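**Q** This is my_file_0.pdb, which holds PDB, C-alpha atoms:
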ATOM      1  CA  MET Y   1      61.060 176.112 103.418
ATOM      2  CA  ASP Y   2      58.497 176.839 100.721
ATOM      3  CA  ILE Y   3      60.241 177.639  97.445
ATOM      4  CA  SER Y   4      57.401 176.601  95.149
ATOM      5  CA  ARG Y   5      56.726 180.118  93.824
ATOM      6  CA  PHE Y   6      60.247 180.602  92.475
ATOM      7  CA  SER Y   7      61.583 179.450  89.129
ATOM      8  CA  THR Y   8      64.379 176.883  89.070
ATOM      9  CA  GLU Y   9      66.641 179.476  87.474
ATOM     10  CA  ASP Y  10      66.002 181.986  90.265
ATOM     11  CA  LEU Y  11      66.610 179.297  92.872
ATOM     12  CA  LEU Y  12      69.914 178.218  91.363
ATOM     13  CA  LEU Y  13      71.076 181.813  90.969
ATOM     14  CA  ALA Y  14      70.113 182.497  94.588
ATOM     15  CA  ALA Y  15      72.074 179.430  95.652
ATOM     16  CA  ILE Y  16      75.162 180.492  93.719
ATOM     17  CA  LYS Y  17      74.923 184.047  95.070
ATOM     18  CA  SER Y  18      74.549 182.741  98.588
ATOM     19  CA  GLU Y  19      77.595 180.450  98.234
ATOM     20  CA  VAL Y  20      79.668 183.281  96.761
ATOM     21  CA  GLU Y  21      78.743 185.558  99.651
ATOM     22  CA  ALA Y  22      79.352 182.884 102.274
ATOM     23  CA  GLU Y  23      82.778 182.143 100.839
ATOM     24  CA  GLU Y  24      83.651 185.851 100.856
ATOM     25  CA  VAL Y  25      82.458 186.323 104.417
ATOM     26  CA  TYR Y  26      84.331 183.311 105.784
ATOM     27  CA  SER Y  27      87.508 184.326 103.947
ATOM     28  CA  LYS Y  28      87.251 187.912 105.201
ATOM     29  CA  LEU Y  29      86.580 186.745 108.718
ATOM     30  CA  ALA Y  30      89.501 184.309 108.543
ATOM     31  CA  ASP Y  31      91.783 187.226 107.672
ATOM     32  CA  ARG Y  32      90.412 189.200 110.568
ATOM     33  CA  VAL Y  33      90.686 186.715 113.449
ATOM     34  CA  LYS Y  34      93.967 186.090 115.241
ATOM     35  CA  ASN Y  35      93.309 182.635 116.664
ATOM     36  CA  SER Y  36      94.993 180.258 114.226
ATOM     37  CA  PHE Y  37      92.529 177.433 114.830
ATOM     38  CA  LEU Y  38      89.493 179.585 114.191
ATOM     39  CA  LYS Y  39      91.247 181.039 111.158
ATOM     40  CA  GLU Y  40      91.808 177.544 109.759
ATOM     41  CA  ARG Y  41      88.230 176.529 110.421
ATOM     42  CA  LEU Y  42      86.885 179.586 108.645
ATOM     43  CA  ARG Y  43      89.142 178.889 105.674
ATOM     44  CA  PHE Y  44      87.869 175.335 105.620
ATOM     45  CA  LEU Y  45      84.271 176.586 105.525
ATOM     46  CA  ALA Y  46      85.167 179.025 102.733
ATOM     47  CA  THR Y  47      86.687 176.172 100.708
ATOM     48  CA  GLU Y  48      83.578 174.052 101.097
ATOM     49  CA  GLU Y  49      81.303 176.916 100.064
ATOM     50  CA  LEU Y  50      83.469 177.370  96.979
ATOM     51  CA  LYS Y  51      83.040 173.712  96.079
ATOM     52  CA  HIS Y  52      79.281 173.988  96.596
ATOM     53  CA  ARG Y  53      79.240 176.997  94.279
ATOM     54  CA  GLU Y  54      81.145 175.103  91.599
ATOM     55  CA  TYR Y  55      78.674 172.253  91.767
ATOM     56  CA  ILE Y  56      75.612 174.542  91.569
ATOM     57  CA  GLU Y  57      77.157 176.441  88.668
ATOM     58  CA  GLY Y  58      77.527 173.160  86.795
ATOM     59  CA  LEU Y  59      73.944 172.311  87.635
ATOM     60  CA  TYR Y  60      72.772 175.715  86.397
ATOM     61  CA  ARG Y  61      74.537 175.356  83.058
ATOM     62  CA  HIS Y  62      73.114 171.900  82.564
ATOM     63  CA  LYS Y  63      69.531 172.475  83.711
ATOM     64  CA  ILE Y  64      69.014 176.042  82.541
ATOM     65  CA  GLY Y  65      71.072 175.717  79.390
ATOM     66  CA  LYS Y  66      72.911 179.027  79.731
ATOM     67  CA  ASN Y  67      76.675 179.125  79.831
ATOM     68  CA  GLU Y  68      77.033 182.595  81.237
ATOM     69  CA  ILE Y  69      75.974 183.017  84.844
ATOM     70  CA  VAL Y  70      74.860 186.533  85.726
ATOM     71  CA  LEU Y  71      74.143 186.912  89.399
ATOM     72  CA  PRO Y  72      71.410 189.365  90.347
ATOM     73  CA  ASP Y  73      72.143 192.208  92.792
ATOM     74  CA  LYS Y  74      69.034 191.166  94.662
ATOM     75  CA  THR Y  75      67.400 187.792  94.546
ATOM     76  CA  PRO Y  76      63.682 187.230  95.117
ATOM     77  CA  VAL Y  77      64.537 184.123  97.149
ATOM     78  CA  PRO Y  78      64.761 185.104 100.817
ATOM     79  CA  LEU Y  79      68.005 183.600 102.117
ATOM     80  CA  PRO Y  80      69.588 185.272 105.151
ATOM     81  CA  GLU Y  81      72.909 187.017 104.690
ATOM     82  CA  ILE Y  82      75.774 186.727 107.135
ATOM     83  CA  VAL Y  83      76.284 190.044 108.916
ATOM     84  CA  ILE Y  84      80.004 190.484 109.424
ATOM     85  CA  GLY Y  85      80.004 194.076 110.778
ATOM     86  CA  ASP Y  86      83.183 196.020 111.367
ATOM     87  CA  GLU Y  87      86.311 194.859 113.139
ATOM     88  CA  ASN Y  88      84.815 195.653 116.538
ATOM     89  CA  GLU Y  89      81.872 193.325 116.002
ATOM     90  CA  PRO Y  90      82.095 190.554 118.628
ATOM     91  CA  ILE Y  91      82.969 187.247 116.986
ATOM     92  CA  SER Y  92      80.036 185.587 118.734
ATOM     93  CA  LEU Y  93      77.557 187.833 116.881
ATOM     94  CA  VAL Y  94      79.108 187.038 113.516
ATOM     95  CA  LEU Y  95      79.058 183.334 114.320
ATOM     96  CA  GLU Y  96      75.382 183.536 115.293
ATOM     97  CA  SER Y  97      74.578 185.260 112.024
ATOM     98  CA  ALA Y  98      76.546 182.647 110.075
ATOM     99  CA  MET Y  99      74.690 179.867 111.879
ATOM    100  CA  GLU Y 100      71.354 181.345 110.827
ATOM    101  CA  ALA Y 101      72.550 181.441 107.241
ATOM    102  CA  GLU Y 102      73.783 177.835 107.365
ATOM    103  CA  LYS Y 103      70.514 176.644 108.834
ATOM    104  CA  ALA Y 104      68.577 178.386 106.075
ATOM    105  CA  ALA Y 105      70.941 176.958 103.459
ATOM    106  CA  LYS Y 106      70.302 173.453 104.759
ATOM    107  CA  GLU Y 107      66.525 173.928 104.536
ATOM    108  CA  PHE Y 108      66.894 175.549 101.136
ATOM    109  CA  TYR Y 109      68.886 172.665  99.630
ATOM    110  CA  GLU Y 110      66.508 170.119 101.101
ATOM    111  CA  ALA Y 111      63.609 171.921  99.438
ATOM    112  CA  LEU Y 112      65.576 172.378  96.209
ATOM    113  CA  SER Y 113      66.343 168.655  96.057
ATOM    114  CA  GLU Y 114      62.608 168.036  95.582
ATOM    115  CA  ARG Y 115      62.615 170.205  92.479
ATOM    116  CA  PHE Y 116      64.622 167.728  90.414
ATOM    117  CA  GLU Y 117      63.278 164.440  89.188
ATOM    118  CA  ASP Y 118      66.589 162.737  88.542
ATOM    119  CA  ALA Y 119      67.811 160.908  91.595
ATOM    120  CA  LYS Y 120      71.433 161.903  91.126
ATOM    121  CA  THR Y 121      70.756 165.642  91.370
ATOM    122  CA  GLY Y 122      68.274 165.197  94.234
ATOM    123  CA  ASN Y 123      70.747 163.088  96.176
ATOM    124  CA  MET Y 124      73.581 165.486  95.578
ATOM    125  CA  LEU Y 125      71.509 168.428  96.811
ATOM    126  CA  ARG Y 126      70.599 166.470  99.923
ATOM    127  CA  VAL Y 127      74.302 165.880 100.504
ATOM    128  CA  LEU Y 128      74.881 169.637 100.214
ATOM    129  CA  ALA Y 129      72.091 170.157 102.767
ATOM    130  CA  LYS Y 130      73.854 167.795 105.154
ATOM    131  CA  MET Y 131      77.105 169.665 104.655
ATOM    132  CA  GLU Y 132      75.448 172.957 105.515
ATOM    133  CA  GLU Y 133      74.157 171.271 108.646
ATOM    134  CA  GLY Y 134      77.741 170.248 109.368
ATOM    135  CA  HIS Y 135      78.816 173.875 108.997
ATOM    136  CA  TYR Y 136      76.097 174.897 111.413
ATOM    137  CA  ASN Y 137      77.383 172.370 113.956
ATOM    138  CA  LEU Y 138      80.980 173.488 113.536
ATOM    139  CA  LEU Y 139      80.009 177.134 113.987
ATOM    140  CA  ASN Y 140      77.951 176.182 117.004
ATOM    141  CA  GLN Y 141      81.066 174.650 118.555
ATOM    142  CA  GLU Y 142      83.022 177.791 117.791
ATOM    143  CA  LEU Y 143      80.285 179.887 119.338
ATOM    144  CA  ALA Y 144      80.397 177.775 122.492
ATOM    145  CA  ASN Y 145      84.191 178.135 122.552
ATOM    146  CA  ALA Y 146      83.943 181.893 122.028
ATOM    147  CA  ARG Y 147      81.498 182.230 124.879
ATOM    148  CA  MET Y 148      83.426 179.940 127.198
ATOM    149  CA  PHE Y 149      86.756 181.646 126.625
ATOM    150  CA  GLU Y 150      86.241 185.358 126.890
ATOM    151  CA  GLU Y 151      89.755 186.063 125.607
ATOM    152  CA  TYR Y 152      89.314 183.544 122.839
ATOM    153  CA  ASP Y 153      90.541 185.586 119.940
ATOM    154  CA  THR Y 154      93.177 187.846 121.402
ATOM    155  CA  ALA Y 155      95.184 186.684 124.369
ATOM    156  CA  TRP Y 156      96.656 183.266 123.667
ATOM    157  CA  PRO Y 157      99.965 183.645 121.906
ATOM    158  CA  MET Y 158     100.599 179.890 121.868
ATOM    159  CA  MET Y 159      97.349 179.364 120.016
ATOM    160  CA  HIS Y 160      98.774 181.366 117.130
ATOM    161  CA  VAL Y 161     101.466 178.857 116.386
ATOM    162  CA  GLY Y 162     101.235 176.244 113.736
ATOM    163  CA  PRO Y 163     102.425 175.049 110.410
TER     164      PRO Y 163
ATOM    165  CA  MET V   1      91.865 155.804 128.966
ATOM    166  CA  ASN V   2      93.882 154.810 132.010
ATOM    167  CA  SER V   3      94.659 157.319 134.731
ATOM    168  CA  ILE V   4      97.410 159.811 133.968
ATOM    169  CA  GLU V   5      98.045 160.930 137.520
ATOM    170  CA  ASN V   6     101.170 158.800 137.951
ATOM    171  CA  TYR V   7     102.914 160.283 134.942
ATOM    172  CA  GLY V   8     105.070 163.379 134.754
ATOM    173  CA  LEU V   9     103.945 166.358 132.724
ATOM    174  CA  ASP V  10     106.899 165.876 130.385
ATOM    175  CA  GLU V  11     105.846 162.331 129.559
ATOM    176  CA  LEU V  12     102.241 163.382 129.086
ATOM    177  CA  LEU V  13     103.229 166.120 126.660
ATOM    178  CA  LEU V  14     105.393 163.692 124.694
ATOM    179  CA  VAL V  15     102.533 161.194 124.509
ATOM    180  CA  GLY V  16     100.259 164.013 123.326
ATOM    181  CA  ILE V  17     102.765 165.035 120.624
ATOM    182  CA  LYS V  18     103.154 161.435 119.442
ATOM    183  CA  SER V  19      99.411 160.942 119.283
ATOM    184  CA  GLU V  20      98.934 164.144 117.277
ATOM    185  CA  ILE V  21     101.662 163.133 114.817
ATOM    186  CA  GLU V  22     100.030 159.749 114.289
ATOM    187  CA  ALA V  23      96.556 161.248 113.886
ATOM    188  CA  GLU V  24      97.821 163.810 111.359
ATOM    189  CA  ALA V  25      99.577 161.140 109.306
ATOM    190  CA  THR V  26      96.555 158.844 109.432
ATOM    191  CA  TYR V  27      94.085 161.481 108.274
ATOM    192  CA  MET V  28      96.382 162.451 105.420
ATOM    193  CA  LYS V  29      96.714 158.822 104.384
ATOM    194  CA  VAL V  30      92.955 158.250 104.419
ATOM    195  CA  ALA V  31      92.444 161.531 102.535
ATOM    196  CA  GLU V  32      94.766 160.265  99.805
ATOM    197  CA  ASN V  33      92.645 157.164  99.428
ATOM    198  CA  VAL V  34      89.129 158.585  99.236
ATOM    199  CA  LYS V  35      87.598 159.848  95.999
ATOM    200  CA  ASN V  36      84.998 162.210  97.371
ATOM    201  CA  PRO V  37      86.554 165.709  97.299
ATOM    202  CA  PHE V  38      84.506 166.907 100.268
ATOM    203  CA  LEU V  39      85.504 164.007 102.477
ATOM    204  CA  LYS V  40      89.086 164.470 101.298
ATOM    205  CA  GLU V  41      88.930 168.151 102.240
ATOM    206  CA  ARG V  42      87.505 167.346 105.651
ATOM    207  CA  LEU V  43      90.167 164.770 106.402
ATOM    208  CA  GLU V  44      92.860 167.208 105.323
ATOM    209  CA  PHE V  45      91.288 169.805 107.576
ATOM    210  CA  LEU V  46      91.410 167.379 110.518
ATOM    211  CA  ALA V  47      95.044 166.567 109.686
ATOM    212  CA  LYS V  48      95.901 170.273 109.699
ATOM    213  CA  GLU V  49      94.283 170.774 113.081
ATOM    214  CA  GLU V  50      96.171 167.822 114.533
ATOM    215  CA  GLY V  51      99.336 169.390 113.128
ATOM    216  CA  LYS V  52      98.531 172.611 114.938
ATOM    217  CA  HIS V  53      97.877 170.734 118.156
ATOM    218  CA  ARG V  54     101.247 169.065 117.784
ATOM    219  CA  ALA V  55     102.957 172.425 117.225
ATOM    220  CA  PHE V  56     101.242 173.835 120.289
ATOM    221  CA  LEU V  57     102.308 170.896 122.489
ATOM    222  CA  GLU V  58     105.869 171.087 121.161
ATOM    223  CA  ASN V  59     106.038 174.767 122.034
ATOM    224  CA  LEU V  60     104.614 174.060 125.452
ATOM    225  CA  PHE V  61     107.208 171.313 126.014
ATOM    226  CA  LYS V  62     110.057 173.617 124.964
ATOM    227  CA  GLU V  63     108.755 176.345 127.237
ATOM    228  CA  ARG V  64     108.442 174.050 130.241
ATOM    229  CA  TYR V  65     111.610 172.040 129.630
ATOM    230  CA  PRO V  66     114.089 174.431 128.014
ATOM    231  CA  GLY V  67     117.078 172.713 126.463
ATOM    232  CA  ARG V  68     115.458 169.269 126.406
ATOM    233  CA  ARG V  69     115.069 167.500 123.117
ATOM    234  CA  ILE V  70     111.662 166.200 122.129
ATOM    235  CA  GLU V  71     112.166 162.443 122.088
ATOM    236  CA  LEU V  72     108.972 160.571 121.474
ATOM    237  CA  PRO V  73     108.410 157.360 123.434
ATOM    238  CA  GLU V  74     108.025 154.218 121.355
ATOM    239  CA  LYS V  75     105.668 152.790 123.944
ATOM    240  CA  SER V  76     103.922 154.395 126.865
ATOM    241  CA  GLY V  77     101.797 153.159 129.729
ATOM    242  CA  ILE V  78      99.247 155.756 128.736
ATOM    243  CA  ALA V  79      97.133 153.967 126.206
ATOM    244  CA  LEU V  80      95.484 156.376 123.798
ATOM    245  CA  PRO V  81      93.334 154.597 121.223
ATOM    246  CA  GLU V  82      95.032 154.140 117.866
ATOM    247  CA  ILE V  83      93.539 154.401 114.417
ATOM    248  CA  ARG V  84      94.313 151.196 112.514
ATOM    249  CA  LEU V  85      94.528 151.884 108.826
ATOM    250  CA  TYR V  86      95.479 148.432 107.613
ATOM    251  CA  GLY V  87      94.003 145.020 108.223
ATOM    252  CA  GLU V  88      95.980 141.863 108.969
ATOM    253  CA  ASP V  89      96.221 141.132 105.257
ATOM    254  CA  GLY V  90      98.005 144.443 104.729
ATOM    255  CA  THR V  91      95.210 146.107 102.772
ATOM    256  CA  MET V  92      93.524 149.297 103.870
ATOM    257  CA  ARG V  93      90.482 148.673 106.011
ATOM    258  CA  ASP V  94      87.029 149.835 105.024
ATOM    259  CA  VAL V  95      86.633 153.619 105.436
ATOM    260  CA  LEU V  96      83.673 153.146 107.799
ATOM    261  CA  VAL V  97      85.768 150.970 110.115
ATOM    262  CA  VAL V  98      88.648 153.442 110.007
ATOM    263  CA  LEU V  99      86.229 156.241 110.875
ATOM    264  CA  ASP V 100      84.988 154.184 113.834
ATOM    265  CA  ASP V 101      88.572 153.899 115.052
ATOM    266  CA  ALA V 102      89.167 157.584 114.460
ATOM    267  CA  MET V 103      86.084 158.501 116.489
ATOM    268  CA  GLU V 104      87.342 156.378 119.382
ATOM    269  CA  ALA V 105      90.745 158.024 119.109
ATOM    270  CA  GLU V 106      89.208 161.498 119.172
ATOM    271  CA  LYS V 107      87.154 160.599 122.212
ATOM    272  CA  GLY V 108      90.307 159.281 123.895
ATOM    273  CA  ALA V 109      92.148 162.493 123.022
ATOM    274  CA  TYR V 110      89.285 164.540 124.461
ATOM    275  CA  GLU V 111      89.508 162.689 127.771
ATOM    276  CA  PHE V 112      93.296 162.892 127.764
ATOM    277  CA  TYR V 113      93.382 166.675 127.308
ATOM    278  CA  ASN V 114      90.664 167.194 129.875
ATOM    279  CA  SER V 115      92.749 165.269 132.413
ATOM    280  CA  LEU V 116      95.923 167.005 131.282
ATOM    281  CA  ALA V 117      94.292 170.405 131.802
ATOM    282  CA  GLU V 118      93.985 169.655 135.510
ATOM    283  CA  ARG V 119      97.793 169.453 135.724
ATOM    284  CA  PHE V 120      98.126 173.166 135.166
ATOM    285  CA  THR V 121      97.782 175.537 138.058
ATOM    286  CA  ASP V 122      97.545 178.662 135.974
ATOM    287  CA  GLU V 123      94.030 179.267 134.796
ATOM    288  CA  LYS V 124      95.003 180.441 131.333
ATOM    289  CA  MET V 125      96.939 177.310 130.442
ATOM    290  CA  ARG V 126      94.208 175.126 131.877
ATOM    291  CA  LYS V 127      91.690 176.844 129.630
ATOM    292  CA  ILE V 128      93.888 176.419 126.578
ATOM    293  CA  VAL V 129      94.333 172.704 127.164
ATOM    294  CA  LYS V 130      90.612 172.336 127.783
ATOM    295  CA  HIS V 131      90.131 174.113 124.493
ATOM    296  CA  LEU V 132      92.243 171.428 122.813
ATOM    297  CA  ALA V 133      89.943 168.853 124.405
ATOM    298  CA  LEU V 134      86.915 170.585 122.921
ATOM    299  CA  MET V 135      88.517 170.616 119.499
ATOM    300  CA  GLU V 136      89.015 166.863 119.698
ATOM    301  CA  MET V 137      85.336 166.573 120.533
ATOM    302  CA  ASP V 138      84.587 168.699 117.456
ATOM    303  CA  HIS V 139      86.623 166.212 115.428
ATOM    304  CA  PHE V 140      84.600 163.394 116.925
ATOM    305  CA  GLN V 141      81.403 165.107 115.822
ATOM    306  CA  ILE V 142      82.705 165.828 112.327
ATOM    307  CA  LEU V 143      83.706 162.191 111.950
ATOM    308  CA  GLU V 144      80.396 161.021 113.353
ATOM    309  CA  MET V 145      78.594 163.059 110.723
ATOM    310  CA  GLU V 146      80.873 161.822 107.951
ATOM    311  CA  ARG V 147      80.306 158.281 109.074
ATOM    312  CA  ARG V 148      76.552 158.750 109.136
ATOM    313  CA  ASP V 149      76.580 160.273 105.651
ATOM    314  CA  LEU V 150      78.769 157.497 104.321
ATOM    315  CA  ALA V 151      76.471 154.885 105.760
ATOM    316  CA  GLU V 152      73.312 156.620 104.520
ATOM    317  CA  VAL V 153      74.419 157.847 101.126
ATOM    318  CA  GLY V 154      77.547 155.840 100.593
ATOM    319  CA  ASP V 155      76.838 155.466  96.893
ATOM    320  CA  ILE V 156      77.151 159.214  96.474
ATOM    321  CA  MET V 157      80.040 159.671  98.838
ATOM    322  CA  GLU V 158      82.055 156.994  97.104
ATOM    323  CA  ASP V 159      81.115 157.945  93.575
ATOM    324  CA  ALA V 160      83.475 160.644  92.388
ATOM    325  CA  SER V 161      81.313 161.335  89.340
ATOM    326  CA  TYR V 162      78.700 162.928  91.566
ATOM    327  CA  PHE V 163      81.184 165.593  92.449
ATOM    328  CA  GLN V 164      82.609 166.265  89.055
ATOM    329  CA  MET V 165      80.785 169.561  88.981
ATOM    330  CA  ASP V 166      80.749 170.875  85.416
ATOM    331  CA  GLY V 167      82.310 167.698  84.090
ATOM    332  CA  GLN V 168      79.353 165.710  85.346
ATOM    333  CA  TYR V 169      77.217 167.173  82.622
TER     334      TYR V 169
END
Now that the file is in, can you turn its structure into structure tokens?
**A**
Amino acid sequence: MDISRFSTEDLLLAAIKSEVEAEEVYSKLADRVKNSFLKERLRFLATEELKHREYIEGLYRHKIGKNEIVLPDKTPVPLPEIVIGDENEPISLVLESAMEAEKAAKEFYEALSERFEDAKTGNMLRVLAKMEEGHYNLLNQELANARMFEEYDTAWPMMHVGP
Amino acid sequence: MNSIENYGLDELLLVGIKSEIEAEATYMKVAENVKNPFLKERLEFLAKEEGKHRAFLENLFKERYPGRRIELPEKSGIALPEIRLYGEDGTMRDVLVVLDDAMEAEKGAYEFYNSLAERFTDEKMRKIVKHLALMEMDHFQILEMERRDLAEVGDIMEDASYFQMDGQY
């Protein structure tokens, strides 16, 4: 991913915005689905995106030197959004959209890691990239499950049990 | 894993429940001992899923054997791989070694549930148990990735200061 034409501030704001949106989408989706395992997995993803956001916010304050973070409505950095649709949207389509976003996030953080000269920040951003790759893999598994089990989200009462 | 065809469904379910309880407890214990908040979160996530598997198997047991108490076997002829947390000297083993064990255990659980699924004649239940198998394979892959990251960037993964977000600066 070529991010050379964007300022570091724009890139960090885009990253924060993207993490905020991902967390919201996963949380909303978790509320929507009935399958307790999928629900838990989506909550897990939301929690990780929140932690990513917290890290990038700290990075922003340190590198940009501004305490207040004002997210733009639109960012010039083209990162795909997750399309959640309405409640009738098949879960497989939402998962596919989320996978696209995770893949882009991985490439984005890899590129962003090159922007910083200090090894600690570069390494940490590469770790975030790997985590986004992990999210992609997890969603890919869920997509395979959703496709394999046509009644995945609705018809298994015993799958809704749990602590 | 040895063949399960000579065992009754009740025994298999009890072995499954026991294995899930042990996996849940192990992941929670490892989570308590790692500094990296992401790894901690992931281990807690795995523990929660194992807890849900256990609850599912318990419900299935109660449904199939109404009135029977769930009494877990101390030993069973069905050998599912265990995750060894502590070494012979009583100290916790290296996280990488524990993750190796955990990956083996997840693979064993995957094979176990796949075989168990064949015990069910109704298609729906077979699919559900196969779904459990797939989840164990997901766990294997999550652990594999964690292990790879730990091996590659262990300095980061073990250094809590990297993750101290705002506090880092």
**Q** Can you tell me how far atom CA of Glu114 of chain Y sits from atom CA of Leu13 of chain Y, in Å to one decimal?
**A**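 The value is 16.8 Å.
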**Q** Would you list the contacts of segment 74-91 of chain V as an MDAnalysis selection string, taking every protein, DNA or RNA residue within 10 Å and counting all atoms listed in the file, but skipping same-chain residues closer than 2 positions in sequence?
**A** chainID V and resid 1:4 6:7 11:12 14:16 18:19 22:23 26:27 29:30 71:72 93:95 97:109 111:112
**Q** Would you mind exporting C-alpha atoms of the selected residues as a compact mmCIF listing (two decimals), keeping the file's coordinate frame?
**A**
# COMPACT_ATOMS: atom_id res chain seq x y z
CA MET V 1 91.86 155.80 128.97
CA ASN V 2 93.88 154.81 132.01
CA SER V 3 94.66 157.32 134.73
CA ILE V 4 97.41 159.81 133.97
CA ASN V 6 101.17 158.80 137.95
CA TYR V 7 102.91 160.28 134.94
CA GLU V 11 105.85 162.33 129.56
CA LEU V 12 102.24 163.38 129.09
CA LEU V 14 105.39 163.69 124.69
CA VAL V 15 102.53 161.19 124.51
CA GLY V 16 100.26 164.01 123.33
CA LYS V 18 103.15 161.44 119.44
CA SER V 19 99.41 160.94 119.28
CA GLU V 22 100.03 159.75 114.29
CA ALA V 23 96.56 161.25 113.89
CA THR V 26 96.56 158.84 109.43
CA TYR V 27 94.08 161.48 108.27
CA LYS V 29 96.71 158.82 104.38
CA VAL V 30 92.96 158.25 104.42
CA GLU V 71 112.17 162.44 122.09
CA LEU V 72 108.97 160.57 121.47
CA ARG V 93 90.48 148.67 106.01
CA ASP V 94 87.03 149.84 105.02
CA VAL V 95 86.63 153.62 105.44
CA VAL V 97 85.77 150.97 110.12
CA VAL V 98 88.65 153.44 110.01
CA LEU V 99 86.23 156.24 110.88
CA ASP V 100 84.99 154.18 113.83
CA ASP V 101 88.57 153.90 115.05
CA ALA V 102 89.17 157.58 114.46
CA MET V 103 86.08 158.50 116.49
CA GLU V 104 87.34 156.38 119.38
CA ALA V 105 90.74 158.02 119.11
CA GLU V 106 89.21 161.50 119.17
CA LYS V 107 87.15 160.60 122.21
CA GLY V 108 90.31 159.28 123.90
CA ALA V 109 92.15 162.49 123.02
CA GLU V 111 89.51 162.69 127.77
CA PHE V 112 93.30 162.89 127.76
**Q** Within 10 Å of Glu58 of chain V, counting all atoms listed in the file, which residues show up once you throw out same-chain ones fewer than 2 positions away? Write them as a list of chain:residue names, please.
**A**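 Listing them by chain and then by number gives V:Leu13, V:Leu14, V:Gly16, V:Ile17, V:Lys52, V:His53, V:Arg54, V:Ala55, V:Phe56, V:Leu60, V:Phe61, V:Lys62, V:Glu63, V:Arg64, V:Ile70.
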**Q** Between V:Ala151, V:Lys130, V:Met125, V:Phe38, which is the closest to Tyr55 of chain Y once you count all atoms listed in the file?
**A**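 Looking only at the distances to Tyr55 of chain Y, the closest residue turns out to be V:Phe38.
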**Q** Using all atoms listed in the file, which of V:Asp122, V:Glu5, V:Glu49, V:Glu20 sits nearest chain Y?
**A**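 Among the listed residues, V:Glu49 lies closest to chain Y.
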**Q** What is the atom CA of Ala47 of chain V to atom CA of Ala31 of chain V distance in Å?
**A**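 Taking atom CA of Ala47 of chain V as the start and atom CA of Ala31 of chain V as the end point, the length is 9.1 Å.
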**Q** Using the chain letters and numbers from this file, what does the PyMOL selection byres ((chain Y and resi 72) around 10) select? Give the answer as a VMD selection string.
**A** chain Y and resid 10 13 to 14 17 69 to 71 73 to 76
**Q** Given the PyMOL selection byres ((chain Y and resi 98) around 9) and the file above, list the residues it selects as a VMD selection string.
**A** chain Y and resid 22 25 to 26 80 to 84 93 to 97 99 to 103 136 139
**Q** With only C-alpha atoms as the basis for distance, which of Y:Glu87, Y:His135, Y:Ser7, Y:Glu142 is at the shortest distance from Asp31 of chain Y?
**A**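 When distances to Asp31 of chain Y are compared using only C-alpha atoms, the smallest one comes from Y:Glu87.
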**Q** Measuring between all atoms listed in the file, which one of Y:Ile64, Y:Leu138, Y:Met131, Y:Ala46 shows the shortest distance to Leu39 of chain V?
**A**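 Under the stated criterion, the closest residue is Y:Met131.
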**Q** Mind giving me the straight-line distance from atom CA of Ser113 of chain Y to atom CA of Leu59 of chain Y in Å, one decimal?
**A**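 Going from atom CA of Ser113 of chain Y over to atom CA of Leu59 of chain Y, I get 11.9 Å.
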**Q** Looking at only C-alpha atoms, which of Y:Ala146, Y:Gln141, Y:Asp2, Y:Arg32 is the one that sits closest to chain V?
**A** Y:Gln141
**Q** Here is a test: counting only C-alpha atoms, which residue of Y:Val77, Y:Glu57, Y:His52, Y:Glu24 is nearest to Leu125 of chain Y?
**A** Y:His52
**Q** List, as a PyMOL selection string, every residue that the PyMOL selection byres ((chain Y and resi 27) around 12) selects in the file provided.
**A** chain Y and resi 20-26+28-33+38-50+84
**Q** List the neighbours of Asn67 of chain Y out to 12 Å using all atoms listed in the file; skip same-chain residues closer than 5 positions along the sequence, and give me the result as an MDAnalysis selection string.
**A** (chainID Y and resid 57:62) or (chainID V and resid 166)
**Q** Fix up segment 140-147 of chain V with N, CA and C atoms, then write it as a PDB file, keeping the file's coordinate frame.
**A**
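Now in out-v4.pdb:
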ATOM      1  N   PHE V 140      85.465 164.562 116.737  1.00  0.00           N
ATOM      2  CA  PHE V 140      84.600 163.394 116.925  1.00  0.00           C
ATOM      3  C   PHE V 140      83.265 163.632 116.211  1.00  0.00           C
ATOM      4  N   GLN V 141      82.720 164.826 116.410  1.00  0.00           N
ATOM      5  CA  GLN V 141      81.403 165.107 115.822  1.00  0.00           C
ATOM      6  C   GLN V 141      81.458 165.202 114.298  1.00  0.00           C
ATOM      7  N   ILE V 142      82.548 165.763 113.789  1.00  0.00           N
ATOM      8  CA  ILE V 142      82.705 165.828 112.327  1.00  0.00           C
ATOM      9  C   ILE V 142      82.773 164.407 111.764  1.00  0.00           C
ATOM     10  N   LEU V 143      83.557 163.573 112.423  1.00  0.00           N
ATOM     11  CA  LEU V 143      83.706 162.191 111.950  1.00  0.00           C
ATOM     12  C   LEU V 143      82.398 161.420 112.069  1.00  0.00           C
ATOM     13  N   GLU V 144      81.686 161.696 113.146  1.00  0.00           N
ATOM     14  CA  GLU V 144      80.396 161.021 113.353  1.00  0.00           C
ATOM     15  C   GLU V 144      79.449 161.358 112.203  1.00  0.00           C
ATOM     16  N   MET V 145      79.467 162.625 111.810  1.00  0.00           N
ATOM     17  CA  MET V 145      78.594 163.059 110.723  1.00  0.00           C
ATOM     18  C   MET V 145      79.042 162.439 109.391  1.00  0.00           C
ATOM     19  N   GLU V 146      80.355 162.426 109.179  1.00  0.00           N
ATOM     20  CA  GLU V 146      80.873 161.822 107.951  1.00  0.00           C
ATOM     21  C   GLU V 146      80.501 160.344 107.893  1.00  0.00           C
ATOM     22  N   ARG V 147      80.614 159.711 109.026  1.00  0.00           N
ATOM     23  CA  ARG V 147      80.306 158.281 109.074  1.00  0.00           C
ATOM     24  C   ARG V 147      78.831 158.038 108.767  1.00  0.00           C
TER      25      ARG V 147
END
